[in-house]
$ cat run-v3.csv   # CSV, N, CA and C atoms and all ligand atoms
chain,number,residue,atom,x,y,z
J,75,MET,N,107.4,124.2,101.0
J,75,MET,CA,107.8,125.5,100.6
J,75,MET,C,108.3,125.4,99.1
J,76,VAL,N,107.7,126.2,98.3
J,76,VAL,CA,108.1,126.2,96.9
J,76,VAL,C,108.6,127.6,96.5
J,77,MET,N,109.4,127.7,95.5
J,77,MET,CA,109.8,128.9,94.9
J,77,MET,C,108.9,129.2,93.7
J,78,SER,N,108.3,130.3,93.6
J,78,SER,CA,107.3,130.6,92.7
J,78,SER,C,107.4,132.0,92.2
J,79,ALA,N,107.1,132.2,90.9
J,79,ALA,CA,107.1,133.5,90.3
J,79,ALA,C,106.3,133.5,89.0
J,80,LEU,N,105.8,134.7,88.7
J,80,LEU,CA,105.0,134.9,87.5
J,80,LEU,C,105.8,135.6,86.4
J,81,ALA,N,105.6,135.1,85.2
J,81,ALA,CA,106.1,135.7,84.0
J,81,ALA,C,105.0,135.9,83.0
J,82,GLU,N,105.1,136.9,82.1
J,82,GLU,CA,104.0,137.2,81.2
J,82,GLU,C,104.5,137.4,79.8
J,83,SER,N,103.7,137.0,78.8
J,83,SER,CA,103.9,137.5,77.4
J,83,SER,C,102.6,138.2,77.0
J,84,ASP,N,102.5,138.6,75.8
J,84,ASP,CA,101.2,139.3,75.4
J,84,ASP,C,100.0,138.5,75.6
J,85,ALA,N,100.1,137.2,75.3
J,85,ALA,CA,98.9,136.3,75.4
J,85,ALA,C,98.7,135.5,76.6
J,86,PHE,N,99.8,135.2,77.3
J,86,PHE,CA,99.7,134.3,78.5
J,86,PHE,C,100.5,134.8,79.7
J,87,GLN,N,100.0,134.3,80.8
J,87,GLN,CA,100.7,134.4,82.1
J,87,GLN,C,101.1,133.0,82.6
J,88,VAL,N,102.3,132.9,83.0
J,88,VAL,CA,102.8,131.6,83.5
J,88,VAL,C,103.4,131.8,84.9
J,89,THR,N,102.9,131.1,85.8
J,89,THR,CA,103.5,131.1,87.2
J,89,THR,C,104.2,129.7,87.3
J,90,TYR,N,105.4,129.7,87.6
J,90,TYR,CA,106.1,128.5,87.8
J,90,TYR,C,106.4,128.3,89.3
J,91,SER,N,106.3,127.0,89.8
J,91,SER,CA,106.6,126.7,91.1
J,91,SER,C,107.6,125.5,91.1
J,92,SER,N,108.7,125.8,91.7
J,92,SER,CA,109.8,124.7,91.7
J,92,SER,C,109.6,123.8,93.0
J,93,ALA,N,109.8,122.5,92.8
J,93,ALA,CA,109.6,121.6,93.9
J,93,ALA,C,110.7,121.7,94.9
J,94,ILE,N,111.8,122.4,94.6
J,94,ILE,CA,112.9,122.6,95.6
J,94,ILE,C,113.1,124.1,95.6
J,95,ASN,N,113.4,124.6,96.8
J,95,ASN,CA,113.6,126.0,97.1
J,95,ASN,C,114.7,126.2,98.2
J,96,PRO,N,115.7,126.8,97.9
J,96,PRO,CA,116.1,127.4,96.6
J,96,PRO,C,116.4,126.3,95.6
J,97,ILE,N,116.4,126.7,94.3
J,97,ILE,CA,116.8,125.8,93.3
J,97,ILE,C,118.3,125.5,93.4
J,98,ALA,N,118.6,124.2,93.6
J,98,ALA,CA,120.0,123.8,93.8
J,98,ALA,C,120.6,123.4,92.4
J,99,ILE,N,121.9,123.7,92.3
J,99,ILE,CA,122.6,123.4,91.1
J,99,ILE,C,122.8,121.9,91.0
J,100,ASN,N,122.6,121.4,89.8
J,100,ASN,CA,122.8,120.0,89.4
J,100,ASN,C,121.8,119.1,90.1
J,101,LYS,N,120.7,119.6,90.5
J,101,LYS,CA,119.7,118.7,91.2
J,101,LYS,C,118.5,118.6,90.3
J,102,MET,N,118.2,117.4,89.8
J,102,MET,CA,117.0,117.2,88.9
J,102,MET,C,115.8,117.4,89.8
J,103,HIS,N,114.8,118.1,89.2
J,103,HIS,CA,113.6,118.4,90.0
J,103,HIS,C,112.4,118.7,89.1
J,104,GLU,N,111.3,118.9,89.6
J,104,GLU,CA,110.1,119.2,88.8
J,104,GLU,C,109.5,120.6,89.1
J,105,TRP,N,108.9,121.1,88.1
J,105,TRP,CA,108.1,122.4,88.3
J,105,TRP,C,106.6,122.1,88.0
J,106,ILE,N,105.8,122.9,88.6
J,106,ILE,CA,104.4,123.0,88.2
J,106,ILE,C,104.2,124.4,87.5
J,107,LEU,N,103.7,124.4,86.3
J,107,LEU,CA,103.3,125.6,85.6
J,107,LEU,C,101.9,125.8,85.7
J,108,ASP,N,101.5,127.1,86.1
J,108,ASP,CA,100.1,127.5,86.1
J,108,ASP,C,99.9,128.5,85.0
J,109,ILE,N,99.2,128.1,84.0
J,109,ILE,CA,99.1,128.9,82.7
J,109,ILE,C,97.7,129.5,82.6
J,110,LYS,N,97.7,130.8,82.4
J,110,LYS,CA,96.5,131.6,82.2
J,110,LYS,C,96.6,132.4,81.0
J,111,THR,N,95.5,132.8,80.4
J,111,THR,CA,95.5,133.8,79.4
J,111,THR,C,95.8,135.2,80.1
J,112,SER,N,96.0,136.2,79.3
J,112,SER,CA,96.4,137.5,79.9
J,112,SER,C,95.3,138.1,80.7
J,113,ASP,N,94.0,137.6,80.5
J,113,ASP,CA,92.9,138.1,81.3
J,113,ASP,C,92.6,137.2,82.5
J,114,GLY,N,93.5,136.2,82.7
J,114,GLY,CA,93.4,135.4,84.0
J,114,GLY,C,92.6,134.1,83.9
J,115,THR,N,92.2,133.8,82.6
J,115,THR,CA,91.5,132.5,82.5
J,115,THR,C,92.4,131.3,82.4
J,116,PRO,N,92.2,130.3,83.2
J,116,PRO,CA,93.1,129.1,83.1
J,116,PRO,C,93.1,128.5,81.7
J,117,VAL,N,94.3,128.1,81.2
J,117,VAL,CA,94.4,127.5,79.9
J,117,VAL,C,94.5,126.0,80.1
J,118,THR,N,93.5,125.3,79.9
J,118,THR,CA,93.4,123.9,80.3
J,118,THR,C,93.9,122.9,79.2
J,119,ASP,N,94.1,123.4,78.0
J,119,ASP,CA,94.4,122.4,76.9
J,119,ASP,C,95.6,122.9,76.1
J,120,ALA,N,96.7,123.4,76.9
J,120,ALA,CA,97.8,123.9,76.2
J,120,ALA,C,98.8,122.9,75.7
J,121,GLU,N,99.4,123.1,74.6
J,121,GLU,CA,100.6,122.4,74.2
J,121,GLU,C,101.8,123.2,74.6
J,122,VAL,N,102.7,122.6,75.4
J,122,VAL,CA,103.8,123.4,76.0
J,122,VAL,C,105.1,122.8,75.6
J,123,VAL,N,106.0,123.7,75.1
J,123,VAL,CA,107.3,123.3,74.8
J,123,VAL,C,108.3,124.2,75.6
J,124,ILE,N,109.3,123.6,76.2
J,124,ILE,CA,110.2,124.3,77.1
J,124,ILE,C,111.6,124.3,76.5
J,125,ASN,N,112.1,125.5,76.4
J,125,ASN,CA,113.6,125.6,76.0
J,125,ASN,C,114.2,126.5,77.0
J,126,GLY,N,115.5,126.7,76.9
J,126,GLY,CA,116.1,127.7,77.8
J,126,GLY,C,117.6,127.6,77.7
J,127,GLY,N,118.2,128.3,78.6
J,127,GLY,CA,119.7,128.3,78.6
J,127,GLY,C,120.2,129.6,79.3
J,128,MET,N,121.5,129.8,79.1
J,128,MET,CA,122.2,130.9,79.7
J,128,MET,C,122.7,131.8,78.5
J,129,PRO,N,122.0,132.9,78.3
J,129,PRO,CA,122.3,133.8,77.2
J,129,PRO,C,123.7,134.3,77.2
J,130,ALA,N,124.3,134.6,78.4
J,130,ALA,CA,125.6,135.1,78.5
J,130,ALA,C,126.7,134.0,78.1
J,131,HIS,N,126.3,132.8,78.2
J,131,HIS,CA,127.3,131.7,78.0
J,131,HIS,C,127.0,131.0,76.6
J,132,ASN,N,125.9,131.4,76.0
J,132,ASN,CA,125.6,130.8,74.7
J,132,ASN,C,125.4,129.3,74.7
J,133,HIS,N,124.8,128.8,75.8
J,133,HIS,CA,124.4,127.4,75.8
J,133,HIS,C,123.0,127.2,76.3
J,134,GLY,N,122.5,126.1,76.0
J,134,GLY,CA,121.1,125.7,76.3
J,134,GLY,C,121.0,125.0,77.7
J,135,LEU,N,119.9,124.4,77.9
J,135,LEU,CA,119.7,123.6,79.1
J,135,LEU,C,120.4,122.3,79.0
J,136,PRO,N,120.9,121.7,80.1
J,136,PRO,CA,121.6,120.4,80.1
J,136,PRO,C,120.6,119.3,80.0
J,137,THR,N,119.3,119.5,80.2
J,137,THR,CA,118.3,118.5,80.0
J,137,THR,C,117.2,119.0,79.1
J,138,SER,N,116.2,118.2,78.9
J,138,SER,CA,115.1,118.5,78.0
J,138,SER,C,113.8,118.4,78.8
J,139,PRO,N,113.5,119.5,79.6
J,139,PRO,CA,112.3,119.4,80.5
J,139,PRO,C,111.0,119.3,79.6
J,140,LYS,N,110.1,118.5,80.1
J,140,LYS,CA,108.9,118.3,79.4
J,140,LYS,C,107.7,118.2,80.3
J,141,VAL,N,106.6,118.7,79.7
J,141,VAL,CA,105.3,118.5,80.5
J,141,VAL,C,104.9,117.0,80.4
J,142,THR,N,104.7,116.4,81.6
J,142,THR,CA,104.4,115.0,81.6
J,142,THR,C,103.0,114.8,82.1
J,143,GLN,N,102.3,115.8,82.6
J,143,GLN,CA,101.0,115.6,83.1
J,143,GLN,C,100.2,116.9,83.1
J,144,ASN,N,99.0,116.8,82.5
J,144,ASN,CA,98.1,118.0,82.6
J,144,ASN,C,97.3,117.8,83.9
J,145,LEU,N,97.5,118.6,84.9
J,145,LEU,CA,96.8,118.5,86.2
J,145,LEU,C,95.5,119.1,86.3
J,146,GLY,N,95.0,119.7,85.2
J,146,GLY,CA,93.7,120.4,85.2
J,146,GLY,C,93.8,121.8,85.7
J,147,GLN,N,92.8,122.5,85.4
J,147,GLN,CA,92.6,123.9,85.8
J,147,GLN,C,93.8,124.8,85.5
J,148,GLY,N,94.5,124.4,84.4
J,148,GLY,CA,95.6,125.3,83.9
J,148,GLY,C,96.9,124.9,84.5
J,149,LYS,N,97.0,123.8,85.2
J,149,LYS,CA,98.3,123.5,85.9
J,149,LYS,C,98.9,122.3,85.1
J,150,TYR,N,100.2,122.3,85.0
J,150,TYR,CA,100.9,121.3,84.2
J,150,TYR,C,102.2,120.9,85.0
J,151,ARG,N,102.5,119.6,85.1
J,151,ARG,CA,103.7,119.1,85.7
J,151,ARG,C,104.8,119.0,84.7
J,152,VAL,N,105.9,119.6,85.0
J,152,VAL,CA,107.1,119.6,84.2
J,152,VAL,C,108.2,118.8,84.9
J,153,GLU,N,108.7,117.7,84.2
J,153,GLU,CA,109.8,116.9,84.8
J,153,GLU,C,111.0,117.1,84.0
J,154,GLY,N,112.2,116.9,84.7
J,154,GLY,CA,113.5,116.9,84.0
J,154,GLY,C,114.1,118.3,84.0
J,155,VAL,N,113.8,119.1,85.1
J,155,VAL,CA,114.5,120.4,85.2
J,155,VAL,C,115.8,120.3,86.0
J,156,ARG,N,116.9,120.7,85.4
J,156,ARG,CA,118.1,120.7,86.1
J,156,ARG,C,119.0,121.9,85.5
J,157,PHE,N,119.6,122.6,86.4
J,157,PHE,CA,120.6,123.7,86.0
J,157,PHE,C,122.0,123.3,86.5
J,158,HIS,N,122.9,123.4,85.6
J,158,HIS,CA,124.2,122.8,85.9
J,158,HIS,C,125.3,123.9,86.3
J,159,MET,N,124.9,125.2,86.4
J,159,MET,CA,125.8,126.2,86.9
J,159,MET,C,125.0,127.3,87.5
J,160,SER,N,125.7,128.1,88.3
J,160,SER,CA,125.0,129.3,88.8
J,160,SER,C,125.1,130.4,87.8
J,161,GLY,N,124.3,131.4,87.9
J,161,GLY,CA,124.3,132.6,87.0
J,161,GLY,C,122.9,132.9,86.5
J,162,TYR,N,122.8,133.6,85.4
J,162,TYR,CA,121.5,134.0,84.9
J,162,TYR,C,121.0,133.0,83.8
J,163,TRP,N,119.8,132.5,84.1
J,163,TRP,CA,119.2,131.6,83.2
J,163,TRP,C,117.9,132.1,82.7
J,164,GLU,N,117.5,131.7,81.5
J,164,GLU,CA,116.2,132.0,81.0
J,164,GLU,C,115.5,130.6,80.6
J,165,MET,N,114.3,130.5,81.1
J,165,MET,CA,113.4,129.4,80.6
J,165,MET,C,112.4,129.9,79.7
J,166,ARG,N,112.3,129.4,78.5
J,166,ARG,CA,111.3,129.9,77.5
J,166,ARG,C,110.2,128.9,77.4
J,167,VAL,N,109.0,129.3,77.8
J,167,VAL,CA,107.9,128.4,77.8
J,167,VAL,C,107.0,128.8,76.7
J,168,THR,N,106.9,128.0,75.6
J,168,THR,CA,106.1,128.3,74.5
J,168,THR,C,104.7,127.6,74.7
J,169,VAL,N,103.7,128.3,74.7
J,169,VAL,CA,102.3,127.8,74.9
J,169,VAL,C,101.5,128.0,73.6
J,170,LYS,N,100.9,126.9,73.2
J,170,LYS,CA,100.0,126.9,72.1
J,170,LYS,C,98.6,126.5,72.6
J,171,ALA,N,97.7,127.4,72.4
J,171,ALA,CA,96.3,127.1,72.9
J,171,ALA,C,95.3,128.0,72.2
J,172,ASN,N,94.2,127.5,71.9
J,172,ASN,CA,93.1,128.3,71.3
J,172,ASN,C,93.6,129.0,70.0
J,173,GLY,N,94.5,128.3,69.2
J,173,GLY,CA,94.9,128.9,68.0
J,173,GLY,C,96.0,130.0,68.2
J,174,ILE,N,96.4,130.2,69.4
J,174,ILE,CA,97.4,131.3,69.7
J,174,ILE,C,98.7,130.6,70.2
J,175,GLU,N,99.9,131.1,69.7
J,175,GLU,CA,101.1,130.6,70.2
J,175,GLU,C,101.9,131.7,70.7
J,176,ASP,N,102.5,131.7,71.9
J,176,ASP,CA,103.3,132.7,72.4
J,176,ASP,C,104.3,132.2,73.4
J,177,THR,N,105.4,132.9,73.6
J,177,THR,CA,106.4,132.4,74.5
J,177,THR,C,106.6,133.3,75.7
J,178,VAL,N,106.6,132.7,76.8
J,178,VAL,CA,106.8,133.4,78.1
J,178,VAL,C,108.2,133.1,78.5
J,179,VAL,N,109.0,134.2,78.8
J,179,VAL,CA,110.4,134.0,79.2
J,179,VAL,C,110.4,134.2,80.8
J,180,ILE,N,110.9,133.2,81.4
J,180,ILE,CA,111.1,133.2,82.9
J,180,ILE,C,112.6,133.4,83.1
J,181,SER,N,112.9,134.5,83.9
J,181,SER,CA,114.3,134.8,84.2
J,181,SER,C,114.6,134.3,85.6
J,182,LEU,N,115.8,133.7,85.7
J,182,LEU,CA,116.2,133.1,87.0
J,182,LEU,C,117.6,133.5,87.2
J,183,GLU,N,117.9,133.9,88.4
J,183,GLU,CA,119.3,134.2,88.9
J,183,GLU,C,119.6,133.1,89.9
J,184,LEU,N,120.5,132.2,89.5
J,184,LEU,CA,120.8,131.0,90.4
J,184,LEU,C,122.2,131.1,90.9
Q,201,CU,CU,126.5,128.7,81.7
$ encode --input "run-v3.csv" --output "structure tokens"
Amino acid sequence: MVMSALAESDAFQVTYSSAINPIAINKMHEWILDIKTSDGTPVTDAEVVINGGMPAHNHGLPTSPKVTQNLGQGKYRVEGVRFHMSGYWEMRVTVKANGIEDTVVISLEL
């Protein structure tokens, strides 16, 4: 059982799936990102940078999650995800592909 949700920007759709559900505080885990263009085509050669934090607390992530594997067909493994307190978090996934760069914001209430 995974926790999964879709977020969109103008250029990309990102569905994240967490390896743990519900996401537990202070537990290191991984996500799978499924990245598509806005018309639903898998993005197979994306450069992905992940940032995030809690806007209300003015702090970032306690770790530096990174894509560690391109799984093909638009899917990417992200390791090093950990949230250290409950509340509202944003994960900002910046995708660069086909000469386009755009950031998808994933909202999480933990
Ligand atoms: Cu906080």
$ residues_around --input "run-v3.csv" --residues "Ala130 in chain J" --least-positions-apart "6" --cutoff "9 Å" --atoms "only C-alpha atoms" --output "list in words"
Gly161, Tyr162 and Trp163 of chain J
$ write_last_selection --input "run-v3.csv" --atoms "N, CA and C atoms" --output "short mmCIF file (atom, residue, chain, number, x, y, z; two decimals), in the frame of the given file"
data_model
loop_
_atom_site.label_atom_id
_atom_site.label_comp_id
_atom_site.auth_asym_id
_atom_site.auth_seq_id
_atom_site.Cartn_x
_atom_site.Cartn_y
_atom_site.Cartn_z
N GLY J 161 124.30 131.40 87.90
CA GLY J 161 124.30 132.60 87.00
C GLY J 161 122.90 132.90 86.50
N TYR J 162 122.80 133.60 85.40
CA TYR J 162 121.50 134.00 84.90
C TYR J 162 121.00 133.00 83.80
N TRP J 163 119.80 132.50 84.10
CA TRP J 163 119.20 131.60 83.20
C TRP J 163 117.90 132.10 82.70
#
$ closest_residue --input "run-v3.csv" --among "J:Ile106, J:Met77, J:Val141, J:Met165" --to "Met128 in chain J" --atoms "only N, CA and C atoms"
J:Met165
$ atom_distance --input "run-v3.csv" --atom1 "atom C of Ser138 in chain J" --atom2 "atom C of Phe86 in chain J"
21.1 Å
$ residues_around --input "run-v3.csv" --residues "Glu164 in chain J" --least-positions-apart "4" --cutoff "6 Å" --atoms "all atoms listed in the file" --output "list in words"
Asn125, Gly126, Gly127, Met128, Pro129, Ile180, Ser181 and Leu182 of chain J
$ write_last_selection --input "run-v3.csv" --atoms "N, CA and C atoms" --output "compact mmCIF listing (two decimals), in the frame of the given file"
# COMPACT_ATOMS: atom_id res chain seq x y z
N ASN J 125 112.10 125.50 76.40
CA ASN J 125 113.60 125.60 76.00
C ASN J 125 114.20 126.50 77.00
N GLY J 126 115.50 126.70 76.90
CA GLY J 126 116.10 127.70 77.80
C GLY J 126 117.60 127.60 77.70
N GLY J 127 118.20 128.30 78.60
CA GLY J 127 119.70 128.30 78.60
C GLY J 127 120.20 129.60 79.30
N MET J 128 121.50 129.80 79.10
CA MET J 128 122.20 130.90 79.70
C MET J 128 122.70 131.80 78.50
N PRO J 129 122.00 132.90 78.30
CA PRO J 129 122.30 133.80 77.20
C PRO J 129 123.70 134.30 77.20
N ILE J 180 110.90 133.20 81.40
CA ILE J 180 111.10 133.20 82.90
C ILE J 180 112.60 133.40 83.10
N SER J 181 112.90 134.50 83.90
CA SER J 181 114.30 134.80 84.20
C SER J 181 114.60 134.30 85.60
N LEU J 182 115.80 133.70 85.70
CA LEU J 182 116.20 133.10 87.00
C LEU J 182 117.60 133.50 87.20
$ residues_around --input "run-v3.csv" --residues "Asn100 in chain J" --least-positions-apart "6" --cutoff "8 Å" --atoms "only N, CA and C atoms" --output "count of residues only"
6
$ closest_residue --input "run-v3.csv" --among "J:His133, J:Ile174, J:Glu183, J:Val152" --to "ligand CU 201 (chain Q)" --atoms "all atoms listed in the file"
J:His133
$ closest_residue --input "run-v3.csv" --among "J:Gly154, J:Pro136, J:Ala120, J:Gly148" --to "Ala171 in chain J" --atoms "only N, CA and C atoms"
J:Ala120
$ atom_distance --input "run-v3.csv" --atom1 "CA of Met102 in chain J" --atom2 "CA of Ala79 in chain J"
19.1 Å
$ closest_residue --input "run-v3.csv" --among "J:Asp113, J:Glu153, J:Glu104, J:Glu82" --to "Val179 in chain J" --atoms "only C-alpha atoms"
J:Glu82
$ closest_residue --input "run-v3.csv" --among "J:Lys140, J:Ala85, J:Ser78, J:Gly134" --to "Glu175 in chain J" --atoms "all atoms listed in the file"
J:Ala85
$ atom_distance --input "run-v3.csv" --atom1 "atom N of Gln87 in chain J" --atom2 "CA of Gln147 in chain J"
13.7 Å
$ closest_residue --input "run-v3.csv" --among "J:Leu135, J:Ala93, J:Ile99, J:Leu145" --to "Thr118 in chain J" --atoms "only N, CA and C atoms"
J:Leu145
$ select_by_dssp --input "run-v3.csv" --residues "chain J" --states "strand (DSSP E or B)" --output "ChimeraX atom specification"
/J:77-82,86-92,103-111,116,121-128,133-134,140-146,149-155,162-171,174-183
$ residues_around --input "run-v3.csv" --residues "Lys149 in chain J" --least-positions-apart "6" --cutoff "10 Å" --atoms "only C-alpha atoms" --output "list in words"
Val88, Thr89, Tyr90, Ile106, Leu107, Asp108, Ile109, Lys110, Pro116, Val117, Thr118, Asp119, Ala120 and Gln143 of chain J
$ residues_around --input "run-v3.csv" --residues "Val123 in chain J" --least-positions-apart "3" --cutoff "6.5 Å" --atoms "only N, CA and C atoms" --output "JSON, numbers by chain"
{"J": [166, 167, 168, 169, 170]}
